[in-house]
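Next up, target_7.txt (compact mmCIF, C-alpha atoms (C1' of nucleotides)):
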# COMPACT_ATOMS: atom_id res chain seq x y z
CA MET E 1 0.00 0.00 0.00
CA ALA E 2 2.19 2.60 -0.66
CA ALA E 3 0.71 5.96 -0.97
CA GLY E 4 -0.10 6.85 -4.50
CA ALA E 5 -0.49 3.23 -5.39
CA GLN E 6 -3.41 3.72 -7.68
CA VAL E 7 -5.61 0.85 -8.57
CA GLY E 8 -3.86 -1.44 -11.00
CA PHE E 9 -4.90 -1.10 -14.56
CA ALA E 10 -6.17 -4.65 -14.59
CA GLU E 11 -8.21 -3.94 -11.46
CA THR E 12 -9.91 -1.05 -13.17
CA VAL E 13 -10.54 -3.14 -16.24
CA PHE E 14 -12.03 -5.91 -14.14
CA ALA E 15 -14.22 -3.42 -12.35
CA VAL E 16 -15.54 -2.04 -15.60
CA VAL E 17 -16.05 -5.46 -17.15
CA ARG E 18 -17.83 -6.63 -14.04
CA GLY E 19 -20.04 -3.59 -14.41
CA ILE E 20 -21.34 -4.94 -17.67
CA PRO E 21 -24.78 -6.49 -17.10
CA ALA E 22 -25.72 -9.81 -18.56
CA GLY E 23 -26.94 -9.68 -22.10
CA ARG E 24 -24.71 -6.77 -22.90
CA VAL E 25 -21.23 -6.46 -24.34
CA ALA E 26 -18.47 -3.87 -24.46
CA THR E 27 -15.44 -3.29 -26.62
CA TYR E 28 -11.79 -3.35 -25.61
CA GLY E 29 -11.25 0.20 -26.76
CA ASP E 30 -14.13 1.54 -24.74
CA VAL E 31 -13.12 -0.44 -21.67
CA ALA E 32 -9.58 0.81 -22.07
CA ARG E 33 -10.93 4.33 -22.33
CA TRP E 34 -12.97 3.97 -19.15
CA ALA E 35 -9.96 2.43 -17.53
CA GLY E 36 -8.01 5.57 -18.19
CA SER E 37 -5.97 4.54 -21.22
CA PRO E 38 -7.80 5.28 -24.45
CA GLY E 39 -5.10 3.78 -26.61
CA ALA E 40 -4.17 0.79 -24.51
CA ALA E 41 -6.79 -1.57 -25.82
CA ARG E 42 -4.11 -4.22 -26.03
CA ARG E 43 -3.48 -4.11 -22.35
CA VAL E 44 -7.15 -4.74 -21.75
CA GLY E 45 -6.90 -8.02 -23.58
CA TRP E 46 -3.79 -8.93 -21.69
CA ALA E 47 -5.46 -8.02 -18.41
CA LEU E 48 -8.48 -10.13 -19.25
CA ASN E 49 -6.08 -12.92 -20.07
CA ARG E 50 -5.26 -12.94 -16.39
CA SER E 51 -8.94 -12.71 -15.46
CA GLY E 52 -8.97 -16.48 -15.02
CA GLY E 53 -9.13 -17.32 -11.33
CA VAL E 54 -9.89 -13.78 -10.29
CA GLU E 55 -12.64 -13.19 -7.79
CA PRO E 56 -15.24 -12.30 -8.40
CA PRO E 57 -15.07 -13.87 -11.83
CA VAL E 58 -14.73 -11.43 -14.66
CA PRO E 59 -17.20 -11.86 -17.53
CA ALA E 60 -14.55 -11.55 -20.17
CA HIS E 61 -16.95 -13.16 -22.60
CA ARG E 62 -18.84 -9.88 -22.55
CA VAL E 63 -15.85 -8.12 -24.00
CA VAL E 64 -15.53 -8.15 -27.75
CA ASN E 65 -13.55 -6.24 -30.32
CA ARG E 66 -14.59 -3.20 -32.30
CA TRP E 67 -16.69 -5.05 -34.84
CA GLY E 68 -18.34 -7.28 -32.25
CA GLY E 69 -16.13 -10.25 -33.01
CA LEU E 70 -15.39 -12.80 -30.30
CA THR E 71 -11.67 -12.36 -30.71
CA GLY E 72 -10.93 -13.93 -27.35
CA ALA E 73 -13.14 -16.93 -27.91
CA VAL E 74 -10.05 -18.96 -28.71
CA HIS E 75 -8.91 -18.37 -25.15
CA PHE E 76 -12.11 -19.73 -23.71
CA PRO E 77 -12.40 -23.31 -22.50
CA GLY E 78 -14.87 -25.79 -23.84
CA PRO E 79 -16.19 -25.99 -27.38
CA GLY E 80 -17.89 -22.74 -28.38
CA GLY E 81 -17.68 -21.65 -24.75
CA MET E 82 -17.91 -17.96 -25.37
CA GLU E 83 -20.86 -18.07 -27.70
CA ALA E 84 -22.57 -20.50 -25.38
CA VAL E 85 -22.17 -18.17 -22.42
CA LEU E 86 -23.24 -15.15 -24.39
CA ALA E 87 -26.24 -17.06 -25.66
CA ALA E 88 -27.09 -17.97 -22.07
CA GLU E 89 -26.95 -14.30 -21.20
CA GLY E 90 -29.22 -13.40 -24.05
CA VAL E 91 -26.62 -12.23 -26.53
CA GLU E 92 -27.08 -13.64 -29.98
CA THR E 93 -23.94 -14.67 -31.79
CA GLU E 94 -23.39 -15.91 -35.29
CA GLY E 95 -20.20 -17.21 -36.78
CA GLY E 96 -18.14 -15.95 -33.87
CA ARG E 97 -19.70 -12.57 -34.17
CA VAL E 98 -22.26 -10.74 -32.01
CA LEU E 99 -25.58 -9.99 -33.58
CA HIS E 100 -27.34 -6.70 -32.85
CA PHE E 101 -23.97 -5.60 -31.56
CA ALA E 102 -24.92 -1.93 -31.46
CA ALA E 103 -28.06 -2.94 -29.59
CA VAL E 104 -26.32 -4.95 -26.91
CA ARG E 105 -23.40 -2.62 -26.64
CA PHE E 106 -23.15 -1.33 -23.09
CA ASP E 107 -22.03 2.16 -22.20
CA PRO E 108 -21.03 2.59 -18.56
CA ALA E 109 -20.80 6.27 -19.25
CA SER E 110 -24.44 6.28 -20.17
CA ASP E 111 -25.71 3.33 -18.19
CA ILE E 112 -27.85 2.08 -21.01
CA CYS E 113 -28.43 2.11 -24.68
CA THR E 114 -27.43 5.65 -25.37
CA GLN E 115 -26.07 4.98 -28.76
CA ARG E 116 -23.87 7.78 -29.78
CA GLN E 117 -23.37 8.31 -33.42
CA GLY E 118 -19.89 8.92 -34.71
CA THR E 119 -18.61 5.49 -35.50
CA LYS E 120 -21.19 4.60 -37.98
CA THR E 121 -23.29 6.80 -40.17
CA THR E 122 -24.41 4.34 -42.70
C1' DC W 1 20.00 -8.93 -22.18
C1' DA W 2 17.22 -7.84 -26.31
C1' DT W 3 13.34 -8.75 -29.21
C1' DC W 4 8.54 -9.82 -30.37
C1' DT W 5 4.16 -10.83 -29.75
C1' DG W 6 -0.37 -10.01 -27.83
C1' DA W 7 -8.38 -10.89 -26.40
C1' DC W 8 -6.79 -3.92 -30.18
C1' DC W 9 -7.79 0.92 -31.25
C1' DT W 10 -7.07 5.67 -32.98
C1' DA W 11 -5.23 8.90 -35.89
C1' DG W 12 -3.04 10.55 -39.95
C1' DT W 13 -2.05 10.35 -44.99
C1' DA V 1 -13.23 6.49 -48.93
C1' DA V 2 -9.34 3.26 -47.89
C1' DC V 3 -4.81 2.12 -46.19
C1' DT V 4 -0.75 2.60 -43.28
C1' DA V 5 1.51 3.42 -39.33
C1' DG V 6 1.87 4.19 -34.52
C1' DG V 7 0.70 3.47 -29.81
C1' DC V 8 0.14 1.10 -25.12
C1' DC V 9 2.32 -2.33 -21.24
C1' DA V 10 3.73 -6.50 -19.94
C1' DG V 11 4.91 -11.36 -20.51
C1' DA V 12 7.37 -14.77 -22.94
C1' DT V 13 11.41 -16.67 -25.64
So, in terms of structure tokens, how does the structure I just supplied come out?
Amino acid sequence: MAAGAQVGFAETVFAVVRGIPAGRVATYGDVARWAGSPGAARRVGWALNRSGGVEPPVPAHRVVNRWGGLTGAVHFPGPGGMEAVLAAEGVETEGGRVLHFAAVRFDPASDICTQRQGTKTT
DNA sequence: CATCTGACCTAGT
DNA sequence: AACTAGGCCAGAT
């Protein structure tokens, strides 16, 4: 505990990821941004890599990449584990990709579906 | 000890 | 509108 010992980056990431309700997903970039490092999306993945055995368990399966792809599915145990879990939470997935991604995307900064335009304008 | 990759994203050209 | 390059930190070889 040394003074100034701010919460580890991974801790913040875990906290944010744990803040994602079931049936909703978030992206690495956004999580990284909420964690305090807008460009360190890579670290988020690395942090989640260590999420195994952490208590309380971190729903890493709710974290997907920018296009809603289950990039980390390969790191999940069991056959089709990630999609199975997401399906159990109410998230539809197809071909290793999240359906209605923009609809299930969770924004801790907004609490709920406050879709902000900017990324996609058709 | 040095180098590279890694659950990626953002910005600039 | 698309592509390239850079960035971020740590673990692993």
Within 9 Å of chain E: residues of chain W, using all atoms listed in the file, as a list in words: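 Residues satisfying the distance criterion: DG6, DA7, DC8, DC9 and DT10 of chain W.
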Point-to-point distance from CA of Gly81 (chain E) to CA of Gly19 (chain E), Å rounded to tenths: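 Separating CA of Gly81 (chain E) from CA of Gly19 (chain E) is a distance of 20.9 Å.
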Selection near DC4 (chain W), 12 Å with all atoms listed in the file, sequence-local residues under 2 positions removed, as an mmCIF file with C-alpha atoms (C1' of nucleotides), keeping the file's coordinate frame:
data_model
loop_
_atom_site.group_PDB
_atom_site.id
_atom_site.type_symbol
_atom_site.label_atom_id
_atom_site.label_comp_id
_atom_site.auth_asym_id
_atom_site.auth_seq_id
_atom_site.Cartn_x
_atom_site.Cartn_y
_atom_site.Cartn_z
ATOM 1 C "C1'" DA W 2 17.220 -7.840 -26.310
ATOM 2 C "C1'" DG W 6 -0.370 -10.010 -27.830
ATOM 3 C "C1'" DA V 10 3.730 -6.500 -19.940
ATOM 4 C "C1'" DG V 11 4.910 -11.360 -20.510
ATOM 5 C "C1'" DA V 12 7.370 -14.770 -22.940
ATOM 6 C "C1'" DT V 13 11.410 -16.670 -25.640
#
Of the listed residues E:Gly36, E:Val16, E:Val104, E:Val58, that which approaches chain V most closely, counting only C-alpha atoms (C1' of nucleotides):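 Result for the nearest residue to chain V: E:Gly36.
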Interatomic distance, CA of Glu89 (chain E) to CA of Val7 (chain E) (Å, one decimal): 29.1 Å
Residues of chain V within 7 Å of chain E: nearest atom pair and distance (Å, one decimal) for each, counting all atoms listed in the file, sorted by chain and number, as CSV?
residue,atom,partner,partner_atom,distance
V:DG7,C1',E:Gly39,CA,6.6
V:DC8,C1',E:Ala40,CA,4.4
V:DC9,C1',E:Arg43,CA,6.2
Point-to-point distance from CA of Pro59 (chain E) to C1' of DT5 (chain W), Å rounded to tenths: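 Atom-to-atom, CA of Pro59 (chain E) to C1' of DT5 (chain W), that is 24.6 Å.
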Near-DT13 (chain W) list (10 Å; all atoms listed in the file; drop same-chain fewer than 4 positions) as a count of residues only: 3
Using 3 Å of padding on each side, determine the axis-aligned box around all atoms of chain V present in the file and give its centre and edge lengths in Å to one decimal, as lines of an AutoDock Vina configuration file.
center_x = -0.9
center_y = -5.1
center_z = -34.4
size_x = 30.6
size_y = 29.2
size_z = 35.0
Can you complete the atoms of region 25-45 of chain E to N, CA, C and O atoms and list them as a short mmCIF file (atom, residue, chain, number, x, y, z; two decimals), in the coordinates of the input?
data_model
loop_
_atom_site.label_atom_id
_atom_site.label_comp_id
_atom_site.auth_asym_id
_atom_site.auth_seq_id
_atom_site.Cartn_x
_atom_site.Cartn_y
_atom_site.Cartn_z
N VAL E 25 -22.65 -6.28 -24.05
CA VAL E 25 -21.23 -6.46 -24.34
C VAL E 25 -20.53 -5.11 -24.49
O VAL E 25 -21.17 -4.10 -24.74
N ALA E 26 -19.24 -5.11 -24.31
CA ALA E 26 -18.47 -3.87 -24.46
C ALA E 26 -17.23 -4.15 -25.29
O ALA E 26 -16.85 -5.29 -25.48
N THR E 27 -16.62 -3.12 -25.77
CA THR E 27 -15.44 -3.29 -26.62
C THR E 27 -14.16 -3.00 -25.83
O THR E 27 -14.18 -2.28 -24.85
N TYR E 28 -13.08 -3.54 -26.28
CA TYR E 28 -11.79 -3.35 -25.61
C TYR E 28 -11.42 -1.88 -25.57
O TYR E 28 -10.98 -1.35 -24.56
N GLY E 29 -11.61 -1.22 -26.68
CA GLY E 29 -11.25 0.20 -26.76
C GLY E 29 -12.03 1.02 -25.76
O GLY E 29 -11.47 1.87 -25.07
N ASP E 30 -13.31 0.79 -25.68
CA ASP E 30 -14.13 1.54 -24.74
C ASP E 30 -13.71 1.23 -23.31
O ASP E 30 -13.55 2.11 -22.49
N VAL E 31 -13.54 -0.04 -23.01
CA VAL E 31 -13.12 -0.44 -21.67
C VAL E 31 -11.79 0.23 -21.34
O VAL E 31 -11.61 0.77 -20.26
N ALA E 32 -10.88 0.20 -22.29
CA ALA E 32 -9.58 0.81 -22.07
C ALA E 32 -9.76 2.30 -21.79
O ALA E 32 -9.10 2.88 -20.94
N ARG E 33 -10.67 2.90 -22.50
CA ARG E 33 -10.93 4.33 -22.33
C ARG E 33 -11.46 4.60 -20.93
O ARG E 33 -11.01 5.50 -20.25
N TRP E 34 -12.39 3.78 -20.49
CA TRP E 34 -12.97 3.97 -19.15
C TRP E 34 -11.95 3.63 -18.09
O TRP E 34 -12.03 4.07 -16.96
N ALA E 35 -10.99 2.82 -18.48
CA ALA E 35 -9.96 2.43 -17.53
C ALA E 35 -8.93 3.54 -17.38
O ALA E 35 -8.16 3.56 -16.43
N GLY E 36 -8.93 4.46 -18.31
CA GLY E 36 -8.01 5.57 -18.19
C GLY E 36 -6.90 5.54 -19.23
O GLY E 36 -5.99 6.34 -19.21
N SER E 37 -6.98 4.61 -20.16
CA SER E 37 -5.97 4.54 -21.22
C SER E 37 -6.65 4.29 -22.55
O SER E 37 -6.82 3.17 -22.97
N PRO E 38 -7.05 5.36 -23.20
CA PRO E 38 -7.80 5.28 -24.45
C PRO E 38 -7.07 4.55 -25.56
O PRO E 38 -7.67 4.06 -26.46
N GLY E 39 -5.81 4.43 -25.51
CA GLY E 39 -5.10 3.78 -26.61
C GLY E 39 -4.53 2.43 -26.22
O GLY E 39 -3.92 1.75 -27.02
N ALA E 40 -4.77 2.04 -24.98
CA ALA E 40 -4.17 0.79 -24.51
C ALA E 40 -5.14 -0.37 -24.57
O ALA E 40 -5.26 -1.15 -23.65
N ALA E 41 -5.82 -0.48 -25.68
CA ALA E 41 -6.79 -1.57 -25.82
C ALA E 41 -6.08 -2.91 -25.69
O ALA E 41 -6.63 -3.87 -25.18
N ARG E 42 -4.86 -2.96 -26.11
CA ARG E 42 -4.11 -4.22 -26.03
C ARG E 42 -3.94 -4.67 -24.60
O ARG E 42 -4.03 -5.83 -24.27
N ARG E 43 -3.67 -3.74 -23.74
CA ARG E 43 -3.48 -4.11 -22.35
C ARG E 43 -4.74 -4.72 -21.78
O ARG E 43 -4.71 -5.55 -20.90
N VAL E 44 -5.88 -4.22 -22.25
CA VAL E 44 -7.15 -4.74 -21.75
C VAL E 44 -7.23 -6.24 -22.02
O VAL E 44 -7.58 -7.03 -21.16
N GLY E 45 -6.88 -6.61 -23.22
CA GLY E 45 -6.90 -8.02 -23.58
C GLY E 45 -5.93 -8.80 -22.72
O GLY E 45 -6.25 -9.87 -22.22
#
